Amino acid sequence: MVVPFFDPEKTLLALLKIRSVPEQRIFMSNTGSVPSQSLIESISTKIRELLPRDPDLAQTLAETNLYIASILDTPLAWAYANRSRAQVFYTMRKSAEAEPYFDKAVRLFDEAGLPGEVGGTLVGQMDNLMYLSRYTEALEAAQRARSALDKAHDIGYVSRLEIALGNLYYRLNKYSESLVHY
């Protein structure tokens, strides 16, 4: 018997109407379908779109993404799910809670050989570290992010890295260095 996969778009639309993790899990269990990597990626994208205007729904979706990752149990699924969780914690000003999720996501994206995802995740982690006043680690994350983004030829995310570096140097009262990055 062939088990059908979830249609990512239809599933995401249904999940957006369900605002509790247990109810989302019941919905997924009752469909008789198997979740896919594309569903995790669709949910991850929606979480970024929801932040910061609807952190409660983003948090619910992040928990569901972790649940789906546990079903798929692949490094890439776990990478996206962990990054989503980190982004929610970061947006909710829970930077200490976000940090281990960022670490896991960076490691898993690196193992998957996706330097663009590594770089983008490191830019988010850099901001998170800045709010924890861990500036040296934030600068190290910036160097790693630049290397990964250069490897991926991701010019668009390099601009986000520059803005993050500008913010970091501003917090360090290094205004001329901050302006260079802005």
# chains A, B, ... in the order shown; residues from 1 in each chain; ligands from 1
call {"tool": "residues_around", "arguments": {"residues": "Ser84 of chain A", "least_positions_apart": "3", "cutoff": "7 Å", "atoms": "only C-alpha atoms", "output": "tab-separated table (two decimals) with all heavy atoms, in the first residue's frame"}}
result
chain	number	residue	atom	x	y	z
A	44	SER	N	8.48	26.34	8.03
A	44	SER	CA	9.58	27.21	8.45
A	44	SER	C	9.47	28.60	7.81
A	44	SER	O	9.67	29.62	8.47
A	44	SER	CB	10.92	26.58	8.08
A	44	SER	OG	11.12	25.39	8.79
A	47	ILE	N	6.67	30.51	9.48
A	47	ILE	CA	7.06	30.98	10.81
A	47	ILE	C	7.80	32.31	10.68
A	47	ILE	O	7.52	33.26	11.41
A	47	ILE	CB	7.91	29.92	11.54
A	47	ILE	CG1	7.03	28.74	11.94
A	47	ILE	CG2	8.62	30.52	12.76
A	47	ILE	CD1	7.79	27.50	12.40
A	62	ALA	N	6.24	26.09	15.26
A	62	ALA	CA	7.60	25.61	15.54
A	62	ALA	C	7.57	24.28	16.30
A	62	ALA	O	8.36	23.37	16.02
A	62	ALA	CB	8.39	26.66	16.31
A	80	TYR	N	15.94	22.42	9.93
A	80	TYR	CA	14.89	23.43	9.72
A	80	TYR	C	14.04	23.61	10.98
A	80	TYR	O	13.70	24.74	11.36
A	80	TYR	CB	13.99	23.05	8.54
A	80	TYR	CG	14.54	23.45	7.21
A	80	TYR	CD1	15.25	22.56	6.42
A	80	TYR	CD2	14.35	24.75	6.73
A	80	TYR	CE1	15.76	22.93	5.19
A	80	TYR	CE2	14.86	25.14	5.50
A	80	TYR	CZ	15.57	24.22	4.74
A	80	TYR	OH	16.08	24.61	3.52
A	81	ALA	N	13.70	22.52	11.63
A	81	ALA	CA	12.85	22.60	12.82
A	81	ALA	C	13.56	23.32	13.97
A	81	ALA	O	12.96	24.15	14.66
A	81	ALA	CB	12.41	21.20	13.25
A	87	GLN	N	14.35	30.85	16.06
A	87	GLN	CA	13.82	32.14	15.61
A	87	GLN	C	12.66	32.60	16.47
A	87	GLN	O	12.53	33.79	16.78
A	87	GLN	CB	13.40	32.05	14.14
A	87	GLN	CG	14.58	31.92	13.20
A	87	GLN	CD	14.17	31.53	11.79
A	87	GLN	OE1	13.18	30.85	11.58
A	87	GLN	NE2	14.96	31.96	10.82
A	88	VAL	N	11.81	31.66	16.88
A	88	VAL	CA	10.69	32.02	17.75
A	88	VAL	C	11.20	32.50	19.10
A	88	VAL	O	10.78	33.55	19.60
A	88	VAL	CB	9.70	30.84	17.90
A	88	VAL	CG1	8.68	31.12	19.00
A	88	VAL	CG2	9.00	30.55	16.58
call {"tool": "closest_atom_pairs", "arguments": {"of": "segment 65-103 of chain A", "to": "segment 24-42 of chain A", "cutoff": "8 Å", "atoms": "only C-alpha atoms", "output": "CSV"}}
result
residue,atom,partner,partner_atom,distance
A:Asn65,CA,A:Ile40,CA,5.9
A:Tyr67,CA,A:Arg25,CA,7.9
A:Ile68,CA,A:Pro35,CA,6.7
A:Ala69,CA,A:Ile40,CA,7.5
A:Ile71,CA,A:Pro35,CA,7.8
A:Leu72,CA,A:Ser36,CA,7.3
A:Leu76,CA,A:Gln37,CA,7.9
A:Ala77,CA,A:Gln37,CA,6.1
A:Tyr80,CA,A:Glu41,CA,6.7
A:Ala81,CA,A:Ile40,CA,7.1
call {"tool": "select_by_dssp", "arguments": {"residues": "segment 1-179 of chain A", "states": "helix (DSSP H, G or I)", "output": "MDAnalysis selection string"}}
result
chainID A and resid 8:17 21:30 37:50 55:72 75:91 95:111 115:131 135:152 155:171 175:179
call {"tool": "closest_residue", "arguments": {"among": "A:Ile43, A:Ala138, A:Leu57, A:Trp78", "to": "Glu111 of chain A", "atoms": "only C-alpha atoms"}}
result
A:Trp78
call {"tool": "residues_around", "arguments": {"residues": "Val123 of chain A", "least_positions_apart": "4", "cutoff": "12 Å", "atoms": "only C-alpha atoms", "output": "mmCIF file with all heavy atoms, in the first residue's frame"}}
result
data_model
loop_
_atom_site.group_PDB
_atom_site.id
_atom_site.type_symbol
_atom_site.label_atom_id
_atom_site.label_comp_id
_atom_site.auth_asym_id
_atom_site.auth_seq_id
_atom_site.Cartn_x
_atom_site.Cartn_y
_atom_site.Cartn_z
ATOM 1 N N ARG A 83 16.023 25.525 13.669
ATOM 2 C CA ARG A 83 16.169 26.938 13.351
ATOM 3 C C ARG A 83 14.844 27.680 13.590
ATOM 4 O O ARG A 83 14.836 28.793 14.128
ATOM 5 C CB ARG A 83 16.633 27.138 11.915
ATOM 6 C CG ARG A 83 16.820 28.632 11.607
ATOM 7 C CD ARG A 83 17.431 28.893 10.280
ATOM 8 N NE ARG A 83 16.599 28.388 9.197
ATOM 9 C CZ ARG A 83 17.019 28.308 7.937
ATOM 10 N NH1 ARG A 83 18.233 28.682 7.604
ATOM 11 N NH2 ARG A 83 16.211 27.842 7.005
ATOM 12 N N GLN A 87 14.349 30.850 16.059
ATOM 13 C CA GLN A 87 13.821 32.138 15.606
ATOM 14 C C GLN A 87 12.657 32.599 16.472
ATOM 15 O O GLN A 87 12.529 33.791 16.778
ATOM 16 C CB GLN A 87 13.401 32.053 14.140
ATOM 17 C CG GLN A 87 14.578 31.918 13.202
ATOM 18 C CD GLN A 87 14.174 31.534 11.790
ATOM 19 O OE1 GLN A 87 13.181 30.845 11.579
ATOM 20 N NE2 GLN A 87 14.961 31.958 10.816
ATOM 21 N N PHE A 102 19.883 27.319 17.749
ATOM 22 C CA PHE A 102 20.721 27.858 16.680
ATOM 23 C C PHE A 102 21.940 26.960 16.467
ATOM 24 O O PHE A 102 22.291 26.639 15.328
ATOM 25 C CB PHE A 102 21.189 29.292 16.992
ATOM 26 C CG PHE A 102 20.211 30.365 16.626
ATOM 27 C CD1 PHE A 102 19.722 31.230 17.590
ATOM 28 C CD2 PHE A 102 19.802 30.549 15.309
ATOM 29 C CE1 PHE A 102 18.831 32.248 17.261
ATOM 30 C CE2 PHE A 102 18.909 31.568 14.963
ATOM 31 C CZ PHE A 102 18.423 32.417 15.945
ATOM 32 N N ASP A 103 22.590 26.571 17.566
ATOM 33 C CA ASP A 103 23.780 25.707 17.457
ATOM 34 C C ASP A 103 23.477 24.421 16.700
ATOM 35 O O ASP A 103 24.225 24.028 15.805
ATOM 36 C CB ASP A 103 24.323 25.353 18.848
ATOM 37 C CG ASP A 103 25.140 26.454 19.484
ATOM 38 O OD1 ASP A 103 25.649 27.335 18.760
ATOM 39 O OD2 ASP A 103 25.282 26.436 20.721
ATOM 40 N N VAL A 106 22.803 25.094 12.893
ATOM 41 C CA VAL A 106 24.036 25.376 12.145
ATOM 42 C C VAL A 106 24.785 24.076 11.885
ATOM 43 O O VAL A 106 25.214 23.801 10.757
ATOM 44 C CB VAL A 106 24.932 26.390 12.907
ATOM 45 C CG1 VAL A 106 26.335 26.438 12.301
ATOM 46 C CG2 VAL A 106 24.301 27.771 12.904
ATOM 47 N N GLY A 116 24.588 27.991 2.278
ATOM 48 C CA GLY A 116 23.689 29.147 2.337
ATOM 49 C C GLY A 116 22.820 29.124 3.579
ATOM 50 O O GLY A 116 22.615 30.156 4.231
ATOM 51 N N GLU A 117 22.319 27.954 3.921
ATOM 52 C CA GLU A 117 21.498 27.818 5.136
ATOM 53 C C GLU A 117 22.356 27.991 6.383
ATOM 54 O O GLU A 117 21.913 28.565 7.381
ATOM 55 C CB GLU A 117 20.781 26.472 5.154
ATOM 56 C CG GLU A 117 19.796 26.267 4.022
ATOM 57 C CD GLU A 117 18.629 27.241 4.032
ATOM 58 O OE1 GLU A 117 18.323 27.848 5.069
ATOM 59 O OE2 GLU A 117 18.010 27.403 2.965
ATOM 60 N N VAL A 118 23.587 27.495 6.330
ATOM 61 C CA VAL A 118 24.518 27.692 7.454
ATOM 62 C C VAL A 118 24.729 29.185 7.664
ATOM 63 O O VAL A 118 24.610 29.695 8.785
ATOM 64 C CB VAL A 118 25.872 26.983 7.193
ATOM 65 C CG1 VAL A 118 26.919 27.402 8.230
ATOM 66 C CG2 VAL A 118 25.713 25.476 7.188
ATOM 67 N N GLY A 119 25.050 29.890 6.576
ATOM 68 C CA GLY A 119 25.314 31.322 6.683
ATOM 69 C C GLY A 119 24.127 32.112 7.187
ATOM 70 O O GLY A 119 24.260 32.948 8.084
ATOM 71 N N ASP A 127 22.925 37.785 15.792
ATOM 72 C CA ASP A 127 22.032 38.745 16.462
ATOM 73 C C ASP A 127 21.667 38.251 17.854
ATOM 74 O O ASP A 127 21.643 39.023 18.809
ATOM 75 C CB ASP A 127 20.741 38.936 15.651
ATOM 76 C CG ASP A 127 20.868 39.982 14.573
ATOM 77 O OD1 ASP A 127 21.802 40.793 14.621
ATOM 78 O OD2 ASP A 127 20.012 39.978 13.674
ATOM 79 N N ASN A 128 21.368 36.976 17.954
ATOM 80 C CA ASN A 128 20.992 36.400 19.238
ATOM 81 C C ASN A 128 22.134 36.535 20.247
ATOM 82 O O ASN A 128 21.921 36.922 21.393
ATOM 83 C CB ASN A 128 20.608 34.932 19.055
ATOM 84 C CG ASN A 128 19.948 34.355 20.277
ATOM 85 O OD1 ASN A 128 18.889 34.810 20.688
ATOM 86 N ND2 ASN A 128 20.582 33.357 20.865
ATOM 87 N N LEU A 129 23.347 36.219 19.823
ATOM 88 C CA LEU A 129 24.512 36.326 20.709
ATOM 89 C C LEU A 129 24.745 37.769 21.140
ATOM 90 O O LEU A 129 25.152 38.030 22.278
ATOM 91 C CB LEU A 129 25.756 35.774 20.014
ATOM 92 C CG LEU A 129 25.798 34.262 19.857
ATOM 93 C CD1 LEU A 129 26.865 33.853 18.841
ATOM 94 C CD2 LEU A 129 26.019 33.579 21.194
ATOM 95 N N MET A 130 24.465 38.699 20.246
ATOM 96 C CA MET A 130 24.628 40.112 20.573
ATOM 97 C C MET A 130 23.720 40.487 21.749
ATOM 98 O O MET A 130 24.130 41.180 22.667
ATOM 99 C CB MET A 130 24.315 40.973 19.349
ATOM 100 C CG MET A 130 24.494 42.453 19.578
ATOM 101 S SD MET A 130 24.151 43.423 18.102
ATOM 102 C CE MET A 130 22.425 43.078 17.809
ATOM 103 N N GLU A 137 31.784 35.982 20.542
ATOM 104 C CA GLU A 137 31.159 34.856 19.843
ATOM 105 C C GLU A 137 30.324 35.340 18.651
ATOM 106 O O GLU A 137 30.271 34.674 17.609
ATOM 107 C CB GLU A 137 30.280 34.048 20.803
ATOM 108 C CG GLU A 137 31.071 33.292 21.850
ATOM 109 C CD GLU A 137 30.167 32.666 22.879
ATOM 110 O OE1 GLU A 137 29.500 31.662 22.547
ATOM 111 O OE2 GLU A 137 30.111 33.209 24.005
ATOM 112 N N ALA A 138 29.707 36.498 18.802
ATOM 113 C CA ALA A 138 28.919 37.058 17.696
ATOM 114 C C ALA A 138 29.831 37.399 16.517
ATOM 115 O O ALA A 138 29.485 37.133 15.363
ATOM 116 C CB ALA A 138 28.149 38.297 18.161
ATOM 117 N N LEU A 139 30.995 37.961 16.807
ATOM 118 C CA LEU A 139 31.946 38.276 15.735
ATOM 119 C C LEU A 139 32.483 37.002 15.073
ATOM 120 O O LEU A 139 32.668 36.959 13.859
ATOM 121 C CB LEU A 139 33.095 39.130 16.277
ATOM 122 C CG LEU A 139 32.721 40.578 16.589
ATOM 123 C CD1 LEU A 139 33.843 41.277 17.362
ATOM 124 C CD2 LEU A 139 32.398 41.337 15.308
ATOM 125 N N GLU A 140 32.691 35.965 15.867
ATOM 126 C CA GLU A 140 33.126 34.679 15.303
ATOM 127 C C GLU A 140 32.034 34.098 14.405
ATOM 128 O O GLU A 140 32.323 33.568 13.328
ATOM 129 C CB GLU A 140 33.480 33.698 16.421
ATOM 130 C CG GLU A 140 34.753 34.068 17.172
ATOM 131 C CD GLU A 140 34.933 33.264 18.459
ATOM 132 O OE1 GLU A 140 34.097 32.367 18.765
ATOM 133 O OE2 GLU A 140 35.924 33.534 19.172
ATOM 134 N N ALA A 141 30.777 34.206 14.843
ATOM 135 C CA ALA A 141 29.656 33.729 14.026
ATOM 136 C C ALA A 141 29.575 34.517 12.724
ATOM 137 O O ALA A 141 29.288 33.952 11.667
ATOM 138 C CB ALA A 141 28.343 33.843 14.801
ATOM 139 N N ALA A 142 29.871 35.814 12.789
ATOM 140 C CA ALA A 142 29.847 36.656 11.584
ATOM 141 C C ALA A 142 30.910 36.199 10.584
ATOM 142 O O ALA A 142 30.642 36.137 9.375
ATOM 143 C CB ALA A 142 30.068 38.119 11.961
ATOM 144 N N GLN A 143 32.093 35.870 11.076
ATOM 145 C CA GLN A 143 33.152 35.386 10.182
ATOM 146 C C GLN A 143 32.746 34.069 9.525
ATOM 147 O O GLN A 143 32.933 33.886 8.322
ATOM 148 C CB GLN A 143 34.460 35.206 10.953
ATOM 149 C CG GLN A 143 35.100 36.501 11.370
ATOM 150 C CD GLN A 143 36.317 36.286 12.266
ATOM 151 O OE1 GLN A 143 36.571 35.199 12.757
ATOM 152 N NE2 GLN A 143 37.076 37.359 12.472
ATOM 153 N N ARG A 144 32.195 33.171 10.311
ATOM 154 C CA ARG A 144 31.741 31.891 9.762
ATOM 155 C C ARG A 144 30.600 32.110 8.768
ATOM 156 O O ARG A 144 30.533 31.439 7.734
ATOM 157 C CB ARG A 144 31.282 30.960 10.890
ATOM 158 C CG ARG A 144 32.421 30.421 11.733
ATOM 159 C CD ARG A 144 31.936 29.526 12.859
ATOM 160 N NE ARG A 144 31.192 28.381 12.352
ATOM 161 C CZ ARG A 144 30.259 27.732 13.035
ATOM 162 N NH1 ARG A 144 29.945 28.090 14.270
ATOM 163 N NH2 ARG A 144 29.622 26.709 12.500
ATOM 164 N N ALA A 145 29.699 33.032 9.091
ATOM 165 C CA ALA A 145 28.575 33.318 8.199
ATOM 166 C C ALA A 145 29.077 33.857 6.866
ATOM 167 O O ALA A 145 28.615 33.425 5.801
ATOM 168 C CB ALA A 145 27.619 34.322 8.845
ATOM 169 N N ARG A 146 30.031 34.783 6.911
ATOM 170 C CA ARG A 146 30.558 35.359 5.673
ATOM 171 C C ARG A 146 31.194 34.271 4.809
ATOM 172 O O ARG A 146 30.959 34.196 3.601
ATOM 173 C CB ARG A 146 31.571 36.465 5.951
ATOM 174 C CG ARG A 146 32.032 37.141 4.664
ATOM 175 C CD ARG A 146 32.954 38.314 4.895
ATOM 176 N NE ARG A 146 32.459 39.322 5.787
ATOM 177 C CZ ARG A 146 31.542 40.247 5.478
ATOM 178 N NH1 ARG A 146 30.990 40.253 4.281
ATOM 179 N NH2 ARG A 146 31.186 41.145 6.352
ATOM 180 N N SER A 147 31.956 33.404 5.429
ATOM 181 C CA SER A 147 32.599 32.321 4.691
ATOM 182 C C SER A 147 31.560 31.410 4.040
ATOM 183 O O SER A 147 31.677 31.050 2.862
ATOM 184 C CB SER A 147 33.502 31.523 5.643
ATOM 185 O OG SER A 147 34.034 30.408 4.999
ATOM 186 N N ALA A 148 30.533 31.040 4.789
ATOM 187 C CA ALA A 148 29.487 30.156 4.267
ATOM 188 C C ALA A 148 28.694 30.840 3.156
ATOM 189 O O ALA A 148 28.395 30.224 2.128
ATOM 190 C CB ALA A 148 28.544 29.710 5.390
ATOM 191 N N LEU A 149 28.367 32.113 3.350
ATOM 192 C CA LEU A 149 27.595 32.841 2.341
ATOM 193 C C LEU A 149 28.404 33.070 1.070
ATOM 194 O O LEU A 149 27.866 33.004 -0.037
ATOM 195 C CB LEU A 149 27.078 34.165 2.917
ATOM 196 C CG LEU A 149 26.036 34.023 4.030
ATOM 197 C CD1 LEU A 149 25.786 35.357 4.709
ATOM 198 C CD2 LEU A 149 24.745 33.410 3.507
ATOM 199 N N TYR A 157 21.994 37.590 1.278
ATOM 200 C CA TYR A 157 22.125 37.424 2.725
ATOM 201 C C TYR A 157 23.372 38.112 3.260
ATOM 202 O O TYR A 157 23.441 38.450 4.441
ATOM 203 C CB TYR A 157 22.108 35.941 3.114
ATOM 204 C CG TYR A 157 21.106 35.666 4.208
ATOM 205 C CD1 TYR A 157 19.829 35.219 3.906
ATOM 206 C CD2 TYR A 157 21.418 35.912 5.530
ATOM 207 C CE1 TYR A 157 18.899 35.015 4.903
ATOM 208 C CE2 TYR A 157 20.502 35.699 6.537
ATOM 209 C CZ TYR A 157 19.243 35.249 6.222
ATOM 210 O OH TYR A 157 18.326 35.058 7.217
ATOM 211 N N VAL A 158 24.363 38.338 2.385
ATOM 212 C CA VAL A 158 25.545 39.081 2.817
ATOM 213 C C VAL A 158 25.133 40.483 3.260
ATOM 214 O O VAL A 158 25.669 41.023 4.222
ATOM 215 C CB VAL A 158 26.623 39.123 1.707
ATOM 216 C CG1 VAL A 158 27.736 40.112 2.053
ATOM 217 C CG2 VAL A 158 27.211 37.735 1.490
ATOM 218 N N SER A 159 24.136 41.082 2.587
ATOM 219 C CA SER A 159 23.677 42.418 2.994
ATOM 220 C C SER A 159 23.062 42.374 4.386
ATOM 221 O O SER A 159 23.246 43.300 5.178
ATOM 222 C CB SER A 159 22.691 42.991 1.976
ATOM 223 O OG SER A 159 21.537 42.190 1.892
ATOM 224 N N ARG A 160 22.359 41.303 4.717
ATOM 225 C CA ARG A 160 21.802 41.164 6.078
ATOM 226 C C ARG A 160 22.927 41.011 7.096
ATOM 227 O O ARG A 160 22.840 41.514 8.208
ATOM 228 C CB ARG A 160 20.856 39.970 6.145
ATOM 229 C CG ARG A 160 19.598 40.170 5.353
ATOM 230 C CD ARG A 160 18.689 38.978 5.468
ATOM 231 N NE ARG A 160 17.546 39.156 4.599
ATOM 232 C CZ ARG A 160 16.595 38.272 4.453
ATOM 233 N NH1 ARG A 160 16.636 37.132 5.107
ATOM 234 N NH2 ARG A 160 15.582 38.508 3.641
ATOM 235 N N LEU A 161 23.966 40.279 6.684
ATOM 236 C CA LEU A 161 25.126 40.134 7.565
ATOM 237 C C LEU A 161 25.756 41.494 7.836
ATOM 238 O O LEU A 161 26.117 41.802 8.983
ATOM 239 C CB LEU A 161 26.150 39.177 6.929
ATOM 240 C CG LEU A 161 27.514 39.096 7.606
ATOM 241 C CD1 LEU A 161 27.379 38.580 9.044
ATOM 242 C CD2 LEU A 161 28.445 38.191 6.799
ATOM 243 N N GLU A 162 25.886 42.320 6.810
ATOM 244 C CA GLU A 162 26.483 43.654 6.985
ATOM 245 C C GLU A 162 25.653 44.505 7.944
ATOM 246 O O GLU A 162 26.190 45.216 8.787
ATOM 247 C CB GLU A 162 26.646 44.355 5.639
ATOM 248 C CG GLU A 162 27.702 43.734 4.754
ATOM 249 C CD GLU A 162 29.113 43.784 5.328
ATOM 250 O OE1 GLU A 162 29.426 44.665 6.160
ATOM 251 O OE2 GLU A 162 29.925 42.928 4.939
ATOM 252 N N ILE A 163 24.341 44.439 7.823
ATOM 253 C CA ILE A 163 23.471 45.195 8.737
ATOM 254 C C ILE A 163 23.647 44.682 10.167
ATOM 255 O O ILE A 163 23.754 45.466 11.114
ATOM 256 C CB ILE A 163 21.999 45.102 8.290
ATOM 257 C CG1 ILE A 163 21.808 45.878 6.988
ATOM 258 C CG2 ILE A 163 21.054 45.628 9.374
ATOM 259 C CD1 ILE A 163 20.486 45.608 6.293
ATOM 260 N N ALA A 164 23.704 43.364 10.322
ATOM 261 C CA ALA A 164 23.899 42.780 11.655
ATOM 262 C C ALA A 164 25.242 43.206 12.238
ATOM 263 O O ALA A 164 25.343 43.509 13.437
ATOM 264 C CB ALA A 164 23.795 41.261 11.581
ATOM 265 N N LEU A 165 26.281 43.245 11.396
ATOM 266 C CA LEU A 165 27.582 43.714 11.878
ATOM 267 C C LEU A 165 27.521 45.189 12.260
ATOM 268 O O LEU A 165 28.115 45.598 13.267
ATOM 269 C CB LEU A 165 28.655 43.482 10.812
ATOM 270 C CG LEU A 165 29.221 42.078 10.752
ATOM 271 C CD1 LEU A 165 30.010 41.861 9.473
ATOM 272 C CD2 LEU A 165 30.073 41.790 11.980
ATOM 273 N N ASN A 167 24.946 46.741 13.426
ATOM 274 C CA ASN A 167 24.262 46.777 14.724
ATOM 275 C C ASN A 167 25.193 46.349 15.861
ATOM 276 O O ASN A 167 25.175 46.944 16.938
ATOM 277 C CB ASN A 167 23.034 45.864 14.699
ATOM 278 C CG ASN A 167 21.957 46.353 13.778
ATOM 279 O OD1 ASN A 167 21.909 47.527 13.408
ATOM 280 N ND2 ASN A 167 21.078 45.447 13.381
ATOM 281 N N LEU A 168 25.976 45.326 15.603
ATOM 282 C CA LEU A 168 26.893 44.821 16.626
ATOM 283 C C LEU A 168 27.926 45.878 16.992
ATOM 284 O O LEU A 168 28.139 46.161 18.176
ATOM 285 C CB LEU A 168 27.581 43.548 16.133
ATOM 286 C CG LEU A 168 28.667 42.975 17.046
ATOM 287 C CD1 LEU A 168 28.083 42.583 18.401
ATOM 288 C CD2 LEU A 168 29.308 41.763 16.387
#
call {"tool": "residues_around", "arguments": {"residues": "Val180 of chain A", "least_positions_apart": "4", "cutoff": "9 Å", "atoms": "only C-alpha atoms", "output": "list in words"}}
result
Glu162, Gly166, Tyr175 and Ser176 of chain A
call {"tool": "closest_residue", "arguments": {"among": "A:Ser95, A:Lys151, A:Asp73, A:Tyr131", "to": "Asp110 of chain A", "atoms": "only C-alpha atoms"}}
result
A:Lys151
call {"tool": "atom_distance", "arguments": {"atom1": "atom CA of Ala98 of chain A", "atom2": "atom CA of Gln59 of chain A"}}
result
12.2 Å
